[in-house]
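Novice: One file is attached below, target.tsv, containing TSV, C-alpha atoms and all ligand atoms.
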```
chain	number	residue	atom	x	y	z
A	1	MET	CA	82.34	-31.99	36.50
A	2	LYS	CA	78.82	-31.79	37.80
A	3	VAL	CA	75.62	-31.59	35.79
A	4	ALA	CA	72.11	-31.18	37.19
A	5	ILE	CA	69.33	-32.83	35.24
A	6	ILE	CA	65.79	-31.58	35.78
A	7	TYR	CA	63.18	-33.97	34.41
A	8	GLY	CA	59.70	-32.63	33.62
A	9	ASN	CA	58.24	-36.14	33.85
A	10	CYS	CA	58.94	-39.31	35.79
A	11	ARG	CA	58.60	-41.72	32.89
A	12	LYS	CA	61.69	-43.41	31.54
A	13	GLY	CA	60.45	-42.82	28.00
A	14	SER	CA	61.74	-40.97	24.95
A	15	THR	CA	62.82	-37.79	26.75
A	16	TYR	CA	64.66	-39.77	29.42
A	17	ASN	CA	66.42	-41.88	26.78
A	18	CYS	CA	67.56	-38.75	24.92
A	19	VAL	CA	69.10	-37.44	28.14
A	20	LYS	CA	70.66	-40.87	28.74
A	21	ILE	CA	72.59	-40.65	25.46
A	22	VAL	CA	73.94	-37.21	26.43
A	23	LYS	CA	74.92	-38.57	29.86
A	24	GLU	CA	76.72	-41.53	28.29
A	25	THR	CA	78.54	-39.24	25.84
A	26	LEU	CA	79.65	-36.92	28.65
A	27	SER	CA	80.84	-39.84	30.77
A	28	LYS	CA	83.01	-41.05	27.89
A	29	GLN	CA	84.66	-37.60	27.69
A	30	GLY	CA	85.55	-37.24	31.38
A	31	ASP	CA	84.62	-37.58	35.00
A	32	PHE	CA	80.98	-36.54	35.46
A	33	GLU	CA	78.61	-36.53	38.38
A	34	PHE	CA	74.90	-36.21	37.56
A	35	GLN	CA	72.43	-34.82	40.07
A	36	GLU	CA	68.97	-35.79	38.95
A	37	ILE	CA	65.80	-34.01	39.98
A	38	TRP	CA	62.42	-35.53	39.11
A	39	LEU	CA	60.01	-32.63	39.31
A	40	GLN	CA	56.79	-34.63	39.67
A	41	LYS	CA	58.29	-36.14	42.83
A	42	ASP	CA	60.71	-33.44	44.03
A	43	LEU	CA	58.59	-30.33	43.36
A	44	PRO	CA	54.95	-31.43	43.10
A	45	ASP	CA	53.43	-28.15	44.35
A	46	HIS	CA	52.28	-25.44	41.97
A	47	CYS	CA	53.41	-21.87	42.53
A	48	LEU	CA	50.60	-20.19	44.50
A	49	GLY	CA	51.37	-16.73	43.15
A	50	CYS	CA	51.67	-15.34	46.69
A	51	PHE	CA	54.54	-13.02	45.61
A	52	ASN	CA	56.40	-13.87	48.84
A	53	CYS	CA	59.58	-14.87	46.99
A	54	ILE	CA	59.61	-11.67	44.96
A	55	LEU	CA	58.49	-9.16	47.60
A	56	LYS	CA	59.87	-10.68	50.83
A	57	GLY	CA	62.53	-13.22	49.88
A	58	GLU	CA	62.67	-16.78	48.55
A	59	GLU	CA	62.85	-18.14	52.11
A	60	TYR	CA	59.18	-17.10	52.47
A	61	CYS	CA	57.98	-19.36	49.62
A	62	PRO	CA	55.39	-21.82	51.02
A	63	HIS	CA	57.33	-24.56	49.20
A	64	VAL	CA	60.80	-23.45	50.30
A	65	GLU	CA	61.68	-26.93	51.64
A	66	LYS	CA	61.38	-28.31	48.13
A	67	VAL	CA	62.57	-25.31	46.13
A	68	ALA	CA	65.69	-24.44	48.17
A	69	PRO	CA	67.49	-27.82	47.70
A	70	ILE	CA	66.89	-27.58	43.94
A	71	VAL	CA	68.31	-24.04	43.81
A	72	ASP	CA	71.31	-25.17	45.91
A	73	THR	CA	71.97	-27.95	43.41
A	74	LEU	CA	71.74	-25.60	40.42
A	75	VAL	CA	74.15	-23.12	41.97
A	76	LYS	CA	76.81	-25.78	42.58
A	77	VAL	CA	76.89	-27.56	39.22
A	78	ASP	CA	78.74	-26.72	35.98
A	79	GLY	CA	75.88	-27.55	33.64
A	80	ILE	CA	72.10	-27.70	33.75
A	81	ILE	CA	69.94	-29.95	31.58
A	82	LEU	CA	66.20	-29.31	31.43
A	83	ALA	CA	64.26	-32.16	29.84
A	84	SER	CA	60.54	-32.24	29.17
A	85	PRO	CA	58.07	-34.10	27.00
A	86	VAL	CA	55.73	-31.85	25.03
A	87	TYR	CA	52.27	-31.67	26.57
A	88	GLY	CA	49.69	-29.46	24.86
A	89	LEU	CA	52.33	-27.95	22.56
A	90	ASP	CA	54.61	-26.78	25.39
A	91	VAL	CA	56.55	-28.07	28.40
A	92	SER	CA	54.91	-30.41	30.92
A	93	GLY	CA	53.05	-28.83	33.83
A	94	ALA	CA	55.81	-30.00	36.18
A	95	MET	CA	58.46	-28.16	34.16
A	96	LYS	CA	56.31	-25.02	34.04
A	97	THR	CA	55.89	-25.22	37.82
A	98	PHE	CA	59.67	-25.41	38.20
A	99	ILE	CA	60.09	-22.35	35.95
A	100	ASP	CA	57.45	-20.42	37.95
A	101	HIS	CA	59.09	-21.23	41.29
A	102	LEU	CA	62.47	-19.93	40.13
A	103	CYS	CA	61.33	-16.55	38.74
A	104	PHE	CA	62.73	-14.84	41.84
A	105	MET	CA	66.22	-15.61	40.55
A	106	TRP	CA	65.66	-14.14	37.10
A	107	MET	CA	67.59	-10.99	36.21
A	108	PRO	CA	64.63	-8.63	36.87
A	109	HIS	CA	64.78	-9.76	40.52
A	110	ARG	CA	67.71	-11.45	42.28
A	111	PRO	CA	69.90	-13.38	39.83
A	112	LYS	CA	72.51	-15.76	41.25
A	113	GLU	CA	75.95	-14.76	39.99
A	114	GLU	CA	76.93	-18.44	39.77
A	115	MET	CA	74.43	-18.85	36.92
A	116	PHE	CA	76.40	-16.46	34.69
A	117	SER	CA	79.04	-19.10	33.97
A	118	LYS	CA	76.84	-22.17	33.53
A	119	ILE	CA	76.06	-24.05	30.35
A	120	GLY	CA	72.51	-25.17	29.70
A	121	LEU	CA	70.98	-27.83	27.51
A	122	VAL	CA	67.26	-28.20	26.87
A	123	ILE	CA	65.76	-31.39	25.51
A	124	SER	CA	62.20	-32.16	24.52
A	125	THR	CA	60.35	-34.85	22.61
A	126	ALA	CA	56.89	-34.72	21.05
A	127	ALA	CA	54.80	-37.11	19.05
A	128	GLY	CA	54.48	-34.69	16.14
A	129	THR	CA	54.86	-31.02	17.03
A	130	GLY	CA	55.69	-28.61	19.85
A	131	THR	CA	59.38	-29.13	20.65
A	132	LYS	CA	60.33	-25.68	19.34
A	133	ARG	CA	57.95	-23.99	21.70
A	134	ALA	CA	58.82	-26.27	24.65
A	135	ASN	CA	62.54	-25.69	24.11
A	136	LYS	CA	61.94	-21.96	23.87
A	137	SER	CA	60.11	-21.97	27.22
A	138	MET	CA	63.01	-23.79	28.90
A	139	ASN	CA	65.67	-21.81	27.05
A	140	LEU	CA	64.12	-18.46	28.03
A	141	ALA	CA	64.01	-19.48	31.68
A	142	LEU	CA	67.74	-20.26	31.60
A	143	ASP	CA	68.45	-17.06	29.63
A	144	TYR	CA	66.69	-14.92	32.22
A	145	MET	CA	68.60	-16.65	35.03
A	146	GLY	CA	71.73	-15.48	33.19
A	147	VAL	CA	73.02	-18.86	31.95
A	148	LYS	CA	75.95	-18.32	29.60
A	149	ARG	CA	75.06	-20.62	26.70
A	150	THR	CA	72.21	-23.03	26.11
A	151	TYR	CA	72.05	-25.82	23.55
A	152	SER	CA	68.83	-27.42	22.49
A	153	PHE	CA	67.56	-30.68	21.08
A	154	GLY	CA	64.03	-31.52	20.03
A	155	ALA	CA	62.65	-34.59	18.28
A	156	ASN	CA	59.24	-35.56	16.93
A	157	VAL	CA	59.26	-39.24	17.75
A	158	ALA	CA	55.82	-40.25	16.39
A	159	ALA	CA	55.55	-42.66	19.31
A	160	SER	CA	54.43	-42.86	22.90
A	161	LYS	CA	57.41	-45.05	23.89
A	162	TRP	CA	61.14	-44.97	23.14
A	163	GLU	CA	61.04	-48.60	21.98
A	164	ASP	CA	58.34	-47.78	19.40
A	165	ILE	CA	60.34	-45.09	17.60
A	166	ASN	CA	61.07	-46.01	14.01
A	167	HIS	CA	64.52	-47.64	13.90
A	168	LYS	CA	66.00	-45.26	11.31
A	169	LYS	CA	64.77	-42.23	13.25
A	170	ARG	CA	66.17	-43.58	16.52
A	171	VAL	CA	69.60	-44.18	14.99
A	172	ARG	CA	69.58	-40.61	13.65
A	173	MET	CA	68.56	-39.25	17.06
A	174	GLU	CA	71.29	-41.28	18.79
A	175	ARG	CA	73.89	-39.89	16.37
A	176	ASP	CA	72.68	-36.28	16.76
A	177	LEU	CA	72.54	-36.54	20.55
A	178	ALA	CA	76.03	-38.01	20.77
A	179	SER	CA	77.37	-35.17	18.63
A	180	LEU	CA	75.49	-32.60	20.74
A	181	GLY	CA	76.84	-34.25	23.89
A	182	LYS	CA	80.40	-33.70	22.63
A	183	LYS	CA	79.69	-30.03	21.88
A	184	TYR	CA	78.12	-29.65	25.30
A	185	HIS	CA	81.21	-31.17	26.88
A	186	THR	CA	83.52	-28.73	25.06
A	187	SER	CA	81.46	-25.78	26.30
A	188	LEU	CA	81.45	-27.12	29.86
A	189	VAL	CA	85.24	-27.33	29.78
A	190	LYS	CA	85.61	-23.80	28.38
A	191	ARG	CA	82.71	-22.25	30.25
A	192	VAL	CA	84.61	-19.95	32.62
A	193	ASN	CA	86.62	-18.30	29.84
A	194	MET	CA	83.75	-18.03	27.35
A	195	LYS	CA	82.56	-14.53	26.52
A	196	ASP	CA	79.42	-13.27	28.23
A	197	ARG	CA	76.43	-13.11	25.93
A	198	LEU	CA	75.20	-9.78	24.61
A	199	PHE	CA	71.67	-10.76	25.68
A	200	THR	CA	72.75	-11.25	29.31
A	201	LYS	CA	74.76	-8.03	29.34
A	202	GLY	CA	71.88	-6.04	27.80
A	203	VAL	CA	69.19	-7.38	30.15
A	204	PHE	CA	71.49	-6.94	33.16
A	205	ILE	CA	72.15	-3.26	32.29
A	206	MET	CA	68.43	-2.58	31.77
A	207	MET	CA	67.52	-4.25	35.06
A	208	LYS	CA	70.25	-2.35	36.88
A	209	LYS	CA	68.68	0.95	35.76
A	210	MET	CA	65.21	-0.23	36.72
A	211	ILE	CA	66.21	-1.56	40.15
A	212	ALA	CA	68.31	1.52	40.97
A	213	GLY	CA	65.04	3.50	40.74
A	214	TYR	CA	63.35	1.40	43.45
A	215	GLU	CA	62.96	2.73	46.99
A	216	ASP	CA	65.61	1.76	49.53
A	217	GLY	CA	64.52	-1.29	51.48
A	218	ASN	CA	63.10	-3.02	48.40
A	219	VAL	CA	64.26	-6.65	48.59
A	220	ASP	CA	65.60	-6.71	45.02
A	221	LYS	CA	67.39	-3.36	45.43
A	222	GLU	CA	69.03	-4.37	48.70
A	223	TYR	CA	70.16	-7.64	47.07
A	224	TRP	CA	71.71	-5.82	44.09
A	225	LYS	CA	73.45	-3.41	46.50
A	226	SER	CA	74.79	-6.32	48.56
A	227	LYS	CA	76.29	-7.80	45.38
A	228	GLY	CA	77.97	-4.47	44.54
A	229	TRP	CA	75.96	-4.24	41.30
A	230	LEU	CA	74.43	-0.83	42.14
A	301	LIG	C1	49.14	-35.24	28.10
A	301	LIG	C2	49.94	-35.35	26.86
A	301	LIG	C3	49.96	-34.31	25.96
A	301	LIG	C4	50.70	-34.39	24.78
A	301	LIG	N1	50.73	-33.33	23.93
A	301	LIG	C5	51.42	-33.42	22.78
A	301	LIG	C6	51.45	-32.32	21.87
A	301	LIG	O1	50.90	-31.27	22.10
A	301	LIG	N2	52.14	-32.48	20.72
A	301	LIG	C7	52.78	-33.65	20.41
A	301	LIG	O2	53.35	-33.74	19.34
A	301	LIG	N3	52.79	-34.70	21.27
A	301	LIG	C8	52.14	-34.60	22.45
A	301	LIG	N4	52.17	-35.65	23.35
A	301	LIG	C9	53.02	-36.82	23.06
A	301	LIG	C10	54.34	-36.75	23.79
A	301	LIG	O3	54.91	-35.44	23.74
A	301	LIG	C11	55.40	-37.68	23.21
A	301	LIG	O4	54.93	-38.97	23.09
A	301	LIG	C12	56.69	-37.64	24.04
A	301	LIG	O5	57.72	-38.23	23.31
A	301	LIG	C13	56.51	-38.38	25.37
A	301	LIG	O6	57.72	-38.28	26.09
A	301	LIG	P1	58.15	-39.39	27.15
A	301	LIG	O7	58.27	-40.69	26.41
A	301	LIG	O8	59.44	-38.90	27.69
A	301	LIG	O9	57.07	-39.44	28.19
A	301	LIG	C14	51.45	-35.57	24.52
A	301	LIG	C15	51.43	-36.62	25.43
A	301	LIG	C16	50.70	-36.53	26.60
A	301	LIG	C17	50.73	-37.67	27.59
```
Could you render the structure from this file as structure tokens?
Ligand SMILES: Cc1cc2nc3c(=O)[nH]c(=O)nc-3n(C[C@H](O)[C@H](O)[C@H](O)COP(=O)(O)O)c2cc1C
Specialist:
Amino acid sequence: MKVAIIYGNCRKGSTYNCVKIVKETLSKQGDFEFQEIWLQKDLPDHCLGCFNCILKGEEYCPHVEKVAPIVDTLVKVDGIILASPVYGLDVSGAMKTFIDHLCFMWMPHRPKEEMFSKIGLVISTAAGTGTKRANKSMNLALDYMGVKRTYSFGANVAASKWEDINHKKRVRMERDLASLGKKYHTSLVKRVNMKDRLFTKGVFIMMKKMIAGYEDGNVDKEYWKSKGWL
């Protein structure tokens, strides 16, 4: 099975080590290939807000050379892990930039049908507070792309380095992450036959009504027609 990991920072710190435990757990359960994307290196450009992706097509994004390979990876994998440290009580700027660049493939625009059967996992670490909000930001992005299920893990590590985390806390995190990794594996195995979520169905139906009302020639409407959704 294939899992894409999107890192919101390049540091091999607490967030990275949390992901590492999930990776190790998955590898013990079966044959896994991990495709790792380091946003600060692989997608360093902010969204310019030009609307090209939404109004003309994602191929017109000024950063298409960096965005397209990431989207291609996401479409091909079974699972997607988004991992970010908490900066200023939310995700890192790099993770937010990734979310902004992929809005064109949210359900209100041109969702990728492959996303409807994927399993997500969001992971964040903070010194003291903010993982709930950071996880919500990442979770919502996956929800609006149509991802079938998303698990989440957040930890207040009270440290700036993995090595400095209190021993008892680290052991507890390692145990919780290993158990989450097993759950994540079970969902990955069952993903195709799992029921669609009510949230996805509801948003999809609402968007279908909205997009059907657009004028012919609208990029989103033509896309939905080409998929046989209208
Ligand atoms: C710029 C910056 C902003 C931060 N903002 C917060 C914050 O709002 N709340 C918090 O609890 N920790 C905050 N932290 C601490 C980190 O979230 C925390 O140490 C995290 O575990 C670092 O992850 P890493 O080891 O993967 O880099 C911040 C750290 C940095 C560098």
Novice: Given all atoms listed in the file as the basis, pick out the residue of A:Pro85, A:Gly217, A:Gly154, A:Pro108 nearest to Gly13 in chain A.
Specialist: A:Pro85
Novice: Quick one: which chain A residues come within 12 Å of ligand LIG 301 (chain A), and what is the nearest atom pair for each with the distance in Å to one decimal, counting all atoms listed in the file, rows ordered by chain and ascending number, as JSON lines?
Specialist:
```
{"residue": "A:Tyr7", "atom": "CA", "partner": "A:LIG301", "partner_atom": "O8", "distance": 9.1}
{"residue": "A:Gly8", "atom": "CA", "partner": "A:LIG301", "partner_atom": "O8", "distance": 8.6}
{"residue": "A:Asn9", "atom": "CA", "partner": "A:LIG301", "partner_atom": "O9", "distance": 6.7}
{"residue": "A:Cys10", "atom": "CA", "partner": "A:LIG301", "partner_atom": "O9", "distance": 7.8}
{"residue": "A:Arg11", "atom": "CA", "partner": "A:LIG301", "partner_atom": "O9", "distance": 5.4}
{"residue": "A:Lys12", "atom": "CA", "partner": "A:LIG301", "partner_atom": "O8", "distance": 6.3}
{"residue": "A:Gly13", "atom": "CA", "partner": "A:LIG301", "partner_atom": "O7", "distance": 3.4}
{"residue": "A:Ser14", "atom": "CA", "partner": "A:LIG301", "partner_atom": "O7", "distance": 3.8}
{"residue": "A:Thr15", "atom": "CA", "partner": "A:LIG301", "partner_atom": "O8", "distance": 3.7}
{"residue": "A:Tyr16", "atom": "CA", "partner": "A:LIG301", "partner_atom": "O8", "distance": 5.6}
{"residue": "A:Asn17", "atom": "CA", "partner": "A:LIG301", "partner_atom": "O8", "distance": 7.6}
{"residue": "A:Cys18", "atom": "CA", "partner": "A:LIG301", "partner_atom": "O8", "distance": 8.6}
{"residue": "A:Val19", "atom": "CA", "partner": "A:LIG301", "partner_atom": "O8", "distance": 9.8}
{"residue": "A:Lys20", "atom": "CA", "partner": "A:LIG301", "partner_atom": "O8", "distance": 11.4}
{"residue": "A:Ala83", "atom": "CA", "partner": "A:LIG301", "partner_atom": "O8", "distance": 8.6}
{"residue": "A:Ser84", "atom": "CA", "partner": "A:LIG301", "partner_atom": "O8", "distance": 6.9}
{"residue": "A:Pro85", "atom": "CA", "partner": "A:LIG301", "partner_atom": "O6", "distance": 4.3}
{"residue": "A:Val86", "atom": "CA", "partner": "A:LIG301", "partner_atom": "O3", "distance": 3.9}
{"residue": "A:Tyr87", "atom": "CA", "partner": "A:LIG301", "partner_atom": "N1", "distance": 3.5}
{"residue": "A:Gly88", "atom": "CA", "partner": "A:LIG301", "partner_atom": "O1", "distance": 3.5}
{"residue": "A:Leu89", "atom": "CA", "partner": "A:LIG301", "partner_atom": "O1", "distance": 3.6}
{"residue": "A:Asp90", "atom": "CA", "partner": "A:LIG301", "partner_atom": "O1", "distance": 6.7}
{"residue": "A:Val91", "atom": "CA", "partner": "A:LIG301", "partner_atom": "O3", "distance": 8.9}
{"residue": "A:Ser92", "atom": "CA", "partner": "A:LIG301", "partner_atom": "C3", "distance": 8.0}
{"residue": "A:Gly93", "atom": "CA", "partner": "A:LIG301", "partner_atom": "C1", "distance": 9.4}
{"residue": "A:Ala94", "atom": "CA", "partner": "A:LIG301", "partner_atom": "C1", "distance": 11.7}
{"residue": "A:Ile123", "atom": "CA", "partner": "A:LIG301", "partner_atom": "O8", "distance": 10.1}
{"residue": "A:Ser124", "atom": "CA", "partner": "A:LIG301", "partner_atom": "O5", "distance": 7.6}
{"residue": "A:Thr125", "atom": "CA", "partner": "A:LIG301", "partner_atom": "O5", "distance": 4.3}
{"residue": "A:Ala126", "atom": "CA", "partner": "A:LIG301", "partner_atom": "O3", "distance": 3.4}
{"residue": "A:Ala127", "atom": "CA", "partner": "A:LIG301", "partner_atom": "O2", "distance": 3.7}
{"residue": "A:Gly128", "atom": "CA", "partner": "A:LIG301", "partner_atom": "O2", "distance": 3.5}
{"residue": "A:Thr129", "atom": "CA", "partner": "A:LIG301", "partner_atom": "O2", "distance": 3.9}
{"residue": "A:Gly130", "atom": "CA", "partner": "A:LIG301", "partner_atom": "N2", "distance": 5.3}
{"residue": "A:Thr131", "atom": "CA", "partner": "A:LIG301", "partner_atom": "O2", "distance": 7.7}
{"residue": "A:Lys132", "atom": "CA", "partner": "A:LIG301", "partner_atom": "O2", "distance": 10.7}
{"residue": "A:Arg133", "atom": "CA", "partner": "A:LIG301", "partner_atom": "O1", "distance": 10.1}
{"residue": "A:Ala134", "atom": "CA", "partner": "A:LIG301", "partner_atom": "O1", "distance": 9.7}
{"residue": "A:Gly154", "atom": "CA", "partner": "A:LIG301", "partner_atom": "O5", "distance": 9.8}
{"residue": "A:Ala155", "atom": "CA", "partner": "A:LIG301", "partner_atom": "O5", "distance": 7.9}
{"residue": "A:Asn156", "atom": "CA", "partner": "A:LIG301", "partner_atom": "O2", "distance": 6.6}
{"residue": "A:Val157", "atom": "CA", "partner": "A:LIG301", "partner_atom": "O5", "distance": 5.9}
{"residue": "A:Ala158", "atom": "CA", "partner": "A:LIG301", "partner_atom": "O4", "distance": 6.9}
{"residue": "A:Ala159", "atom": "CA", "partner": "A:LIG301", "partner_atom": "O4", "distance": 5.3}
{"residue": "A:Ser160", "atom": "CA", "partner": "A:LIG301", "partner_atom": "O4", "distance": 3.9}
{"residue": "A:Lys161", "atom": "CA", "partner": "A:LIG301", "partner_atom": "O7", "distance": 5.1}
{"residue": "A:Trp162", "atom": "CA", "partner": "A:LIG301", "partner_atom": "O7", "distance": 6.1}
{"residue": "A:Glu163", "atom": "CA", "partner": "A:LIG301", "partner_atom": "O7", "distance": 9.5}
{"residue": "A:Asp164", "atom": "CA", "partner": "A:LIG301", "partner_atom": "O7", "distance": 10.0}
{"residue": "A:Ile165", "atom": "CA", "partner": "A:LIG301", "partner_atom": "O5", "distance": 9.3}
```
Novice: Show me a table, sorted first by chain and then by increasing residue number, of the residues of range 45-110 of chain A having an atom at most 12 Å from range 179-192 of chain A, each with its shortest atom pair and the distance in Å to one decimal, counting all atoms listed in the file and written as a Markdown table.
Specialist:
```
| residue | atom | partner | partner_atom | distance |
| --- | --- | --- | --- | --- |
| A:Val77 | CA | A:Leu188 | CA | 10.4 |
| A:Asp78 | CA | A:Leu188 | CA | 6.7 |
| A:Gly79 | CA | A:Leu188 | CA | 6.7 |
| A:Ile80 | CA | A:Leu188 | CA | 10.1 |
| A:Ile81 | CA | A:Tyr184 | CA | 10.3 |
```
Novice: Tell me, as an MDAnalysis selection string, which residues lie within 9 Å of Leu82 in chain A, counting only C-alpha atoms; anything in the same chain fewer than 4 positions away does not count.
Specialist: chainID A and resid 4:8 95 120:124 135 138:139
Novice: From the options A:Gly30, A:Gly57, A:Gly213, A:Gly146, which residue's atoms come nearest to Asp196 in chain A, counting all atoms listed in the file?
Specialist: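 With all atoms listed in the file as the atom set, the closest residue is A:Gly146.
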Novice: May I ask which of the residues A:Lys96, A:Leu102, A:Phe204, A:Gln29 is the closest one to Val64 in chain A, counting only C-alpha atoms?
Specialist: A:Leu102
Novice: If I put a ball of radius 12 Å at (60.9, -6.2, 43.9) in the file's coordinates, which residues poke into it when counting only C-alpha atoms, written as a ChimeraX atom specification?
Specialist: /A:51-58,103-110,207,210-224
Novice: Using all atoms listed in the file for the distances, tell me which of A:Lys118, A:Lys195, A:Lys112, A:Lys168 is nearest to Val3 in chain A.
Specialist: A:Lys118
Novice: Just checking: using all atoms listed in the file, which residue out of A:His101, A:Lys28, A:Met194, A:Val203 ends up closest to Gly49 in chain A?
Specialist: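 So, comparing all the options, the nearest one is A:His101.
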Novice: Quick check, in Å to one decimal: how far apart do CA of Asp143 in chain A and CA of Thr200 in chain A lie?
Specialist: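 Straight-line distance from CA of Asp143 in chain A to CA of Thr200 in chain A works out to 7.2 Å.
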Novice: Quote the spacing between CA of Tyr60 in chain A and CA of Lys209 in chain A in Å to one decimal place.
Specialist: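 Taking CA of Tyr60 in chain A as the start and CA of Lys209 in chain A as the end point, the length is 26.4 Å.
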